[in-house]
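protein-v5.pdb, holding PDB, C-alpha atoms, pLDDT in the B column:
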```
MODEL        1
ATOM      1  CA  MET A 428      13.193  10.348 -12.885  1.00 82.00           C
ATOM      2  CA  ASP A 429      10.137  11.517 -10.972  1.00 89.00           C
ATOM      3  CA  ILE A 430       7.084   9.405 -10.109  1.00 89.00           C
ATOM      4  CA  GLN A 431       4.940  11.142 -12.759  1.00 91.00           C
ATOM      5  CA  SER A 432       7.382  10.207 -15.534  1.00 93.00           C
ATOM      6  CA  GLN A 433       7.511   6.623 -14.253  1.00 93.00           C
ATOM      7  CA  ARG A 434       3.720   6.408 -14.323  1.00 94.00           C
ATOM      8  CA  ASP A 435       3.580   7.940 -17.801  1.00 95.00           C
ATOM      9  CA  LEU A 436       6.074   5.353 -19.023  1.00 96.00           C
ATOM     10  CA  GLN A 437       4.113   2.525 -17.434  1.00 95.00           C
ATOM     11  CA  LEU A 438       0.850   3.758 -18.962  1.00 96.00           C
ATOM     12  CA  LEU A 439       2.385   4.169 -22.417  1.00 96.00           C
ATOM     13  CA  ASN A 440       3.847   0.649 -22.179  1.00 95.00           C
ATOM     14  CA  GLU A 441       0.508  -0.835 -21.160  1.00 95.00           C
ATOM     15  CA  VAL A 442      -1.401   0.977 -23.910  1.00 94.00           C
ATOM     16  CA  GLU A 443       1.157  -0.124 -26.496  1.00 94.00           C
ATOM     17  CA  GLN A 444       0.838  -3.767 -25.400  1.00 94.00           C
ATOM     18  CA  ASN A 445      -2.955  -3.812 -25.192  1.00 92.00           C
ATOM     19  CA  ALA A 446      -5.150  -1.122 -26.765  1.00 88.00           C
ATOM     20  CA  ALA A 447      -8.225  -2.596 -25.044  1.00 87.00           C
ATOM     21  CA  VAL A 448      -6.722  -2.398 -21.552  1.00 91.00           C
ATOM     22  CA  THR A 449      -9.234  -1.201 -18.950  1.00 91.00           C
ATOM     23  CA  GLN A 450      -8.800   1.716 -16.606  1.00 92.00           C
ATOM     24  CA  ARG A 451      -9.467  -0.626 -13.703  1.00 94.00           C
ATOM     25  CA  SER A 452      -6.575  -2.920 -14.650  1.00 94.00           C
ATOM     26  CA  LEU A 453      -4.325   0.108 -15.222  1.00 94.00           C
ATOM     27  CA  ALA A 454      -5.254   1.441 -11.779  1.00 94.00           C
ATOM     28  CA  ARG A 455      -4.261  -1.917 -10.236  1.00 94.00           C
ATOM     29  CA  LYS A 456      -0.929  -1.975 -12.071  1.00 92.00           C
ATOM     30  CA  LEU A 457      -0.133   1.614 -11.078  1.00 91.00           C
ATOM     31  CA  ASP A 458      -1.474   1.055  -7.561  1.00 92.00           C
ATOM     32  CA  VAL A 459      -3.547   4.245  -7.711  1.00 93.00           C
ATOM     33  CA  ALA A 460      -7.251   5.096  -7.570  1.00 95.00           C
ATOM     34  CA  LEU A 461      -9.394   4.543 -10.644  1.00 93.00           C
ATOM     35  CA  GLY A 462     -10.239   8.263 -10.893  1.00 94.00           C
ATOM     36  CA  LEU A 463      -6.553   9.171 -10.865  1.00 94.00           C
ATOM     37  CA  THR A 464      -5.903   6.697 -13.675  1.00 94.00           C
ATOM     38  CA  ASN A 465      -8.640   8.407 -15.679  1.00 93.00           C
ATOM     39  CA  LEU A 466      -6.940  11.783 -15.127  1.00 95.00           C
ATOM     40  CA  TYR A 467      -3.549  10.366 -16.200  1.00 95.00           C
ATOM     41  CA  LEU A 468      -5.032   8.965 -19.397  1.00 95.00           C
ATOM     42  CA  LYS A 469      -6.819  12.234 -20.228  1.00 95.00           C
ATOM     43  CA  ARG A 470      -3.569  14.162 -19.641  1.00 96.00           C
ATOM     44  CA  LEU A 471      -1.663  11.815 -21.967  1.00 96.00           C
ATOM     45  CA  ALA A 472      -4.408  12.267 -24.576  1.00 96.00           C
ATOM     46  CA  ARG A 473      -4.289  16.077 -24.193  1.00 97.00           C
ATOM     47  CA  LYS A 474      -0.535  15.987 -24.794  1.00 97.00           C
ATOM     48  CA  GLY A 475      -1.124  13.932 -27.943  1.00 96.00           C
ATOM     49  CA  TYR A 476       0.626  10.778 -26.691  1.00 97.00           C
ATOM     50  CA  ILE A 477      -2.449   8.534 -26.881  1.00 96.00           C
ATOM     51  CA  LYS A 478      -5.730   8.624 -28.751  1.00 95.00           C
ATOM     52  CA  ILE A 479      -8.890   7.507 -26.965  1.00 92.00           C
ATOM     53  CA  THR A 480     -11.537   5.899 -29.179  1.00 90.00           C
ATOM     54  CA  THR A 481     -14.912   4.409 -28.378  1.00 85.00           C
ATOM     55  CA  ILE A 482     -15.865   1.596 -30.732  1.00 76.00           C
ATOM     56  CA  PRO A 483     -18.485   0.235 -30.111  1.00 75.00           C
ATOM     57  CA  ARG A 484     -20.210   2.843 -28.023  1.00 73.00           C
ATOM     58  CA  HIS A 485     -19.319   1.517 -24.542  1.00 77.00           C
ATOM     59  CA  ARG A 486     -15.902   0.045 -25.354  1.00 84.00           C
ATOM     60  CA  ILE A 487     -12.844   2.275 -25.020  1.00 88.00           C
ATOM     61  CA  LYS A 488      -9.559   1.709 -26.840  1.00 92.00           C
ATOM     62  CA  TYR A 489      -6.325   3.557 -26.306  1.00 93.00           C
ATOM     63  CA  LEU A 490      -3.946   3.987 -29.220  1.00 93.00           C
ATOM     64  CA  LEU A 491      -0.341   5.085 -28.918  1.00 94.00           C
ATOM     65  CA  THR A 492       0.333   7.949 -31.330  1.00 96.00           C
ATOM     66  CA  PRO A 493       3.679   8.574 -33.103  1.00 96.00           C
ATOM     67  CA  ARG A 494       4.242  11.393 -30.616  1.00 97.00           C
ATOM     68  CA  GLY A 495       3.460   8.925 -27.821  1.00 96.00           C
ATOM     69  CA  MET A 496       6.014   6.455 -29.193  1.00 96.00           C
ATOM     70  CA  ALA A 497       8.641   9.195 -29.197  1.00 97.00           C
ATOM     71  CA  GLU A 498       7.763  10.131 -25.598  1.00 97.00           C
ATOM     72  CA  LYS A 499       7.874   6.482 -24.559  1.00 97.00           C
ATOM     73  CA  SER A 500      11.356   6.180 -26.082  1.00 96.00           C
ATOM     74  CA  ARG A 501      12.488   9.330 -24.294  1.00 96.00           C
ATOM     75  CA  LEU A 502      11.105   8.145 -20.955  1.00 96.00           C
ATOM     76  CA  THR A 503      12.624   4.685 -21.434  1.00 96.00           C
ATOM     77  CA  TYR A 504      16.023   6.284 -21.987  1.00 96.00           C
ATOM     78  CA  LEU A 505      15.615   8.437 -18.850  1.00 95.00           C
ATOM     79  CA  TYR A 506      14.526   5.401 -16.852  1.00 95.00           C
ATOM     80  CA  MET A 507      17.573   3.436 -17.992  1.00 96.00           C
ATOM     81  CA  GLN A 508      19.853   6.333 -16.993  1.00 95.00           C
ATOM     82  CA  TYR A 509      18.119   6.545 -13.616  1.00 92.00           C
ATOM     83  CA  SER A 510      18.389   2.782 -13.056  1.00 91.00           C
ATOM     84  CA  LEU A 511      22.082   2.658 -13.931  1.00 93.00           C
ATOM     85  CA  SER A 512      22.798   5.625 -11.683  1.00 93.00           C
ATOM     86  CA  TYR A 513      20.871   3.968  -8.844  1.00 88.00           C
ATOM     87  CA  TYR A 514      22.777   0.715  -9.415  1.00 89.00           C
ATOM     88  CA  ARG A 515      26.142   2.526  -9.286  1.00 91.00           C
ATOM     89  CA  ASP A 516      25.139   4.435  -6.136  1.00 90.00           C
ATOM     90  CA  MET A 517      24.003   1.266  -4.373  1.00 87.00           C
ATOM     91  CA  ARG A 518      27.179  -0.585  -5.362  1.00 88.00           C
ATOM     92  CA  GLN A 519      29.225   2.287  -3.919  1.00 89.00           C
ATOM     93  CA  ARG A 520      27.195   2.306  -0.677  1.00 86.00           C
ATOM     94  CA  LEU A 521      27.604  -1.450  -0.377  1.00 88.00           C
ATOM     95  CA  LYS A 522      31.340  -1.185  -0.903  1.00 86.00           C
ATOM     96  CA  VAL A 523      31.624   1.459   1.841  1.00 86.00           C
ATOM     97  CA  VAL A 524      29.520  -0.574   4.299  1.00 84.00           C
ATOM     98  CA  LEU A 525      31.283  -3.850   3.519  1.00 84.00           C
ATOM     99  CA  THR A 526      34.730  -2.245   3.667  1.00 83.00           C
ATOM    100  CA  GLY A 527      33.820  -0.904   7.102  1.00 79.00           C
ATOM    101  CA  LEU A 528      32.850  -4.417   8.140  1.00 74.00           C
ATOM    102  CA  ALA A 529      35.837  -6.111   6.560  1.00 57.00           C
ATOM    103  CA  SER A 530      38.253  -4.971   9.278  1.00 64.00           C
ATOM    104  CA  GLY A 531      36.715  -7.292  11.840  1.00 76.00           C
ATOM    105  CA  ALA A 532      33.845  -9.052  10.156  1.00 83.00           C
ATOM    106  CA  LYS A 533      34.520 -11.750   7.593  1.00 89.00           C
ATOM    107  CA  ARG A 534      31.468 -14.000   7.848  1.00 92.00           C
ATOM    108  CA  ILE A 535      28.353 -12.182   6.621  1.00 94.00           C
ATOM    109  CA  VAL A 536      24.674 -13.132   6.615  1.00 95.00           C
ATOM    110  CA  ILE A 537      22.460 -11.266   4.151  1.00 95.00           C
ATOM    111  CA  CYS A 538      18.970 -10.512   5.438  1.00 94.00           C
ATOM    112  CA  GLY A 539      16.536  -9.967   2.573  1.00 92.00           C
ATOM    113  CA  THR A 540      15.844 -11.232  -0.923  1.00 91.00           C
ATOM    114  CA  GLY A 541      15.433  -8.154  -3.103  1.00 88.00           C
ATOM    115  CA  GLU A 542      17.634  -6.495  -5.676  1.00 90.00           C
ATOM    116  CA  LEU A 543      19.861  -5.036  -2.952  1.00 90.00           C
ATOM    117  CA  ALA A 544      20.448  -8.532  -1.577  1.00 93.00           C
ATOM    118  CA  GLU A 545      21.628  -9.565  -5.044  1.00 93.00           C
ATOM    119  CA  LEU A 546      23.965  -6.560  -5.212  1.00 92.00           C
ATOM    120  CA  ALA A 547      25.261  -7.342  -1.713  1.00 92.00           C
ATOM    121  CA  TYR A 548      25.959 -10.918  -2.788  1.00 93.00           C
ATOM    122  CA  ILE A 549      27.922  -9.724  -5.836  1.00 91.00           C
ATOM    123  CA  SER A 550      29.855  -7.230  -3.705  1.00 90.00           C
ATOM    124  CA  LEU A 551      30.682  -9.893  -1.084  1.00 90.00           C
ATOM    125  CA  ARG A 552      32.097 -12.154  -3.757  1.00 88.00           C
ATOM    126  CA  GLU A 553      34.379  -9.345  -4.964  1.00 87.00           C
ATOM    127  CA  MET A 554      35.772  -8.751  -1.474  1.00 87.00           C
ATOM    128  CA  ASP A 555      37.541 -10.956   1.046  1.00 82.00           C
ATOM    129  CA  LEU A 556      34.262 -11.792   2.804  1.00 89.00           C
ATOM    130  CA  THR A 557      32.363 -15.045   3.240  1.00 91.00           C
ATOM    131  CA  LEU A 558      28.630 -15.428   2.754  1.00 93.00           C
ATOM    132  CA  VAL A 559      27.219 -17.569   5.554  1.00 94.00           C
ATOM    133  CA  GLY A 560      23.728 -17.587   4.081  1.00 94.00           C
ATOM    134  CA  PHE A 561      20.494 -15.725   3.406  1.00 95.00           C
ATOM    135  CA  VAL A 562      17.727 -15.167   5.933  1.00 94.00           C
ATOM    136  CA  ASP A 563      14.286 -13.713   5.370  1.00 90.00           C
ATOM    137  CA  GLY A 564      10.714 -14.108   6.549  1.00 75.00           C
ATOM    138  CA  ASN A 565      10.136 -16.832   3.972  1.00 75.00           C
ATOM    139  CA  GLN A 566      11.743 -20.163   3.252  1.00 78.00           C
ATOM    140  CA  GLY A 567      12.784 -21.499  -0.130  1.00 88.00           C
ATOM    141  CA  THR A 568      15.815 -20.570  -2.197  1.00 91.00           C
ATOM    142  CA  PHE A 569      17.460 -17.333  -3.282  1.00 93.00           C
ATOM    143  CA  LEU A 570      20.321 -17.222  -5.800  1.00 91.00           C
ATOM    144  CA  SER A 571      20.529 -21.026  -5.481  1.00 91.00           C
ATOM    145  CA  TYR A 572      21.119 -20.781  -1.710  1.00 93.00           C
ATOM    146  CA  PRO A 573      18.636 -22.091   0.857  1.00 93.00           C
ATOM    147  CA  LEU A 574      16.652 -19.307   2.471  1.00 93.00           C
ATOM    148  CA  TRP A 575      16.353 -19.566   6.243  1.00 94.00           C
ATOM    149  CA  PRO A 576      14.045 -17.893   8.748  1.00 92.00           C
ATOM    150  CA  ILE A 577      15.578 -15.170  10.916  1.00 92.00           C
ATOM    151  CA  GLU A 578      14.969 -17.320  13.987  1.00 91.00           C
ATOM    152  CA  ALA A 579      17.669 -19.773  12.789  1.00 91.00           C
ATOM    153  CA  LEU A 580      20.435 -17.169  13.277  1.00 92.00           C
ATOM    154  CA  PRO A 581      21.325 -17.900  16.939  1.00 90.00           C
ATOM    155  CA  ASN A 582      22.655 -21.291  15.776  1.00 90.00           C
ATOM    156  CA  TRP A 583      24.907 -19.799  13.071  1.00 94.00           C
ATOM    157  CA  ASP A 584      28.540 -18.719  13.226  1.00 93.00           C
ATOM    158  CA  PHE A 585      28.643 -15.205  11.710  1.00 94.00           C
ATOM    159  CA  ASP A 586      30.152 -11.796  12.347  1.00 92.00           C
ATOM    160  CA  THR A 587      27.494  -9.493  10.880  1.00 93.00           C
ATOM    161  CA  VAL A 588      23.979  -9.581   9.475  1.00 93.00           C
ATOM    162  CA  LEU A 589      23.642  -7.142   6.567  1.00 94.00           C
ATOM    163  CA  ILE A 590      20.063  -5.843   6.260  1.00 94.00           C
ATOM    164  CA  THR A 591      19.268  -5.178   2.599  1.00 92.00           C
ATOM    165  CA  ASP A 592      15.721  -3.843   3.003  1.00 89.00           C
ATOM    166  CA  LEU A 593      16.024  -0.041   2.982  1.00 85.00           C
ATOM    167  CA  GLU A 594      12.357   0.693   3.669  1.00 88.00           C
ATOM    168  CA  GLU A 595      11.940  -1.732   6.573  1.00 89.00           C
ATOM    169  CA  ALA A 596      15.485  -1.663   8.013  1.00 91.00           C
ATOM    170  CA  LYS A 597      14.453  -0.606  11.536  1.00 92.00           C
ATOM    171  CA  ARG A 598      11.663  -3.173  11.718  1.00 93.00           C
ATOM    172  CA  VAL A 599      13.968  -5.922  10.413  1.00 92.00           C
ATOM    173  CA  GLN A 600      16.694  -4.919  12.868  1.00 93.00           C
ATOM    174  CA  ALA A 601      14.189  -5.100  15.742  1.00 93.00           C
ATOM    175  CA  ARG A 602      13.143  -8.555  14.581  1.00 92.00           C
ATOM    176  CA  LEU A 603      16.791  -9.682  14.432  1.00 93.00           C
ATOM    177  CA  ILE A 604      17.356  -8.427  17.984  1.00 93.00           C
ATOM    178  CA  ARG A 605      14.228 -10.269  19.193  1.00 93.00           C
ATOM    179  CA  ALA A 606      15.635 -13.418  17.580  1.00 92.00           C
ATOM    180  CA  GLY A 607      18.816 -13.068  19.668  1.00 92.00           C
ATOM    181  CA  VAL A 608      21.191 -11.190  17.318  1.00 91.00           C
ATOM    182  CA  LEU A 609      23.200  -8.469  19.074  1.00 90.00           C
ATOM    183  CA  ARG A 610      22.528  -4.951  17.753  1.00 90.00           C
ATOM    184  CA  GLU A 611      26.263  -4.429  17.111  1.00 89.00           C
ATOM    185  CA  LYS A 612      26.199  -7.489  14.850  1.00 90.00           C
ATOM    186  CA  THR A 613      23.709  -5.848  12.454  1.00 91.00           C
ATOM    187  CA  ALA A 614      24.489  -3.439   9.626  1.00 89.00           C
ATOM    188  CA  THR A 615      22.244  -1.510   7.268  1.00 87.00           C
ATOM    189  CA  LEU A 616      22.905   0.307   4.024  1.00 79.00           C
TER     190      LEU A 616
ENDMDL
END
```
Structure rendered as structure tokens:
Amino acid sequence: MDIQSQRDLQLLNEVEQNAAVTQRSLARKLDVALGLTNLYLKRLARKGYIKITTIPRHRIKYLLTPRGMAEKSRLTYLYMQYSLSYYRDMRQRLKVVLTGLASGAKRIVICGTGELAELAYISLREMDLTLVGFVDGNQGTFLSYPLWPIEALPNWDFDTVLITDLEEAKRVQARLIRAGVLREKTATL
């Protein structure tokens, strides 16, 4: 599913939930410029997915049309397919990485607190591996486990730190090394 379809789905969802939603709030939710949001809305109106009304004169309302509801359903279905495919791919990648570790590494630390960290946790539990704990830049809890700062790692007994942040993996690995973790004791997806 491309970024345009994801934005269309998000816009159609927002309009369905609140006909009086403002372009400014839509721009914030989409994380795009206000002018671009205006273009997206006009395109959806041109395609017949939404109707733009002005009642009273300076107040704009967006109404989802029957055609828009059908498109929203279609996009929701595509998004669900995309999400399930992504989930399966990530589970497979995790299995490959963890199987590669399993030969010598049994005690694993998960670095990160996103969806991939949750998938890594599930995968660890299915294999003959032990979760030592979760580390991240923040403290608190994650999946009912205490969340520790990366700087606590030199005091831990572990074989590998699994980095679950795909976008910032290099930066996180550099931070782990600065904290005293050997490069060969880090793994990324």
Self-check item: Computed interatomic separation between CA of Cys538 in chain A and CA of Asp555 in chain A (Å)
Solution: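 It comes out at 19.1 Å.
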Self-check item: Which residue of A:Leu546, A:Arg494, A:Glu443, A:Leu461 approaches Arg473 in chain A most closely, using only C-alpha atoms
Solution: A:Arg494
Self-check item: Residues returned when the PyMOL selection byres ((chain A and resi 543) around 9) runs on this file, as a PyMOL selection string
Solution: chain A and resi 517-518+521+539-542+544-548+591-593
Quiz item: Any chance you could work out the residue set of the PyMOL selection byres ((chain A and resi 496-511) around 10) here, as a ChimeraX atom specification?
Solution: /A:428-429,432-433,435-440,443,475-477,491-495,512-517
Quiz item: Mind telling me what the PyMOL selection byres ((chain A and resi 576-580) around 10) catches here, as a count of residues only?
Solution: 27
Quiz item: CA of Tyr572 in chain A to CA of Ala601 in chain A: how many Å, to one decimal?
Solution: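 Straight-line distance from CA of Tyr572 in chain A to CA of Ala601 in chain A works out to 24.5 Å.
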Quiz item: Which is closer to Leu490 in chain A than all the others in A:Leu609, A:Leu525, A:Leu468, A:Leu616, using only C-alpha atoms?
Solution: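 Nearest to Leu490 in chain A: A:Leu468.
Reported to one decimal place, the separation of CA of Ile430 in chain A from CA of Lys522 in chain A is 28.0 Å.
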Practice problem: Could you tell me which of A:Ile549, A:Leu558, A:Ala446, A:Val459 comes closest to Lys478 in chain A if we count all atoms listed in the file? | Solution: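 Using all atoms listed in the file, Lys478 in chain A sits closest to A:Ala446.
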Quiz item: Which polymer residues have any atom within 10 Å of an atom of Arg451 in chain A, counting only C-alpha atoms, with same-chain residues fewer than 6 positions away left out, as a list in words?
Solution: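 The residues that qualify are Leu457, Val459, Ala460, Leu461, Gly462, Thr464 and Asn465 of chain A.
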Quiz prompt | Among the residues A:Leu471, A:Leu463, A:Ile537, A:Val442, the one that comes closest to Lys488 in chain A [using all atoms listed in the file] | solution = A:Val442
Taking all atoms of range 491-509 of chain A that the file lists and extending 6 Å past them on each side, where is the centre of the axis-aligned box and how long are its edges? Answer in Å to one decimal, as lines of an AutoDock Vina configuration file.
```
center_x = 9.8
center_y = 7.4
center_z = -23.4
size_x = 32.2
size_y = 20.0
size_z = 31.5
```
Exercise. Give the answer as one residue: which of A:Asp586, A:Glu553, A:Glu441, A:Asp458 has the shortest atom-to-atom distance to Ala614 in chain A, using all atoms listed in the file?
Key: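 Checking each candidate against Ala614 in chain A, we get A:Asp586 as the closest.
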Quiz item: In terms of the shortest atom-to-atom distance over all atoms listed in the file, which of A:Leu556, A:Ala532, A:Gln450, A:Phe569 is closest to Lys612 in chain A?
Solution: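 Of A:Leu556, A:Ala532, A:Gln450, A:Phe569, the one nearest Lys612 in chain A is A:Ala532, counting all atoms listed in the file.
Using all atoms listed in the file, the contacts of His485 in chain A at a cut-off of 12 Å, with sequence neighbours closer than 4 positions omitted, comprise Ala447, Thr449, Thr480 and Thr481 of chain A.
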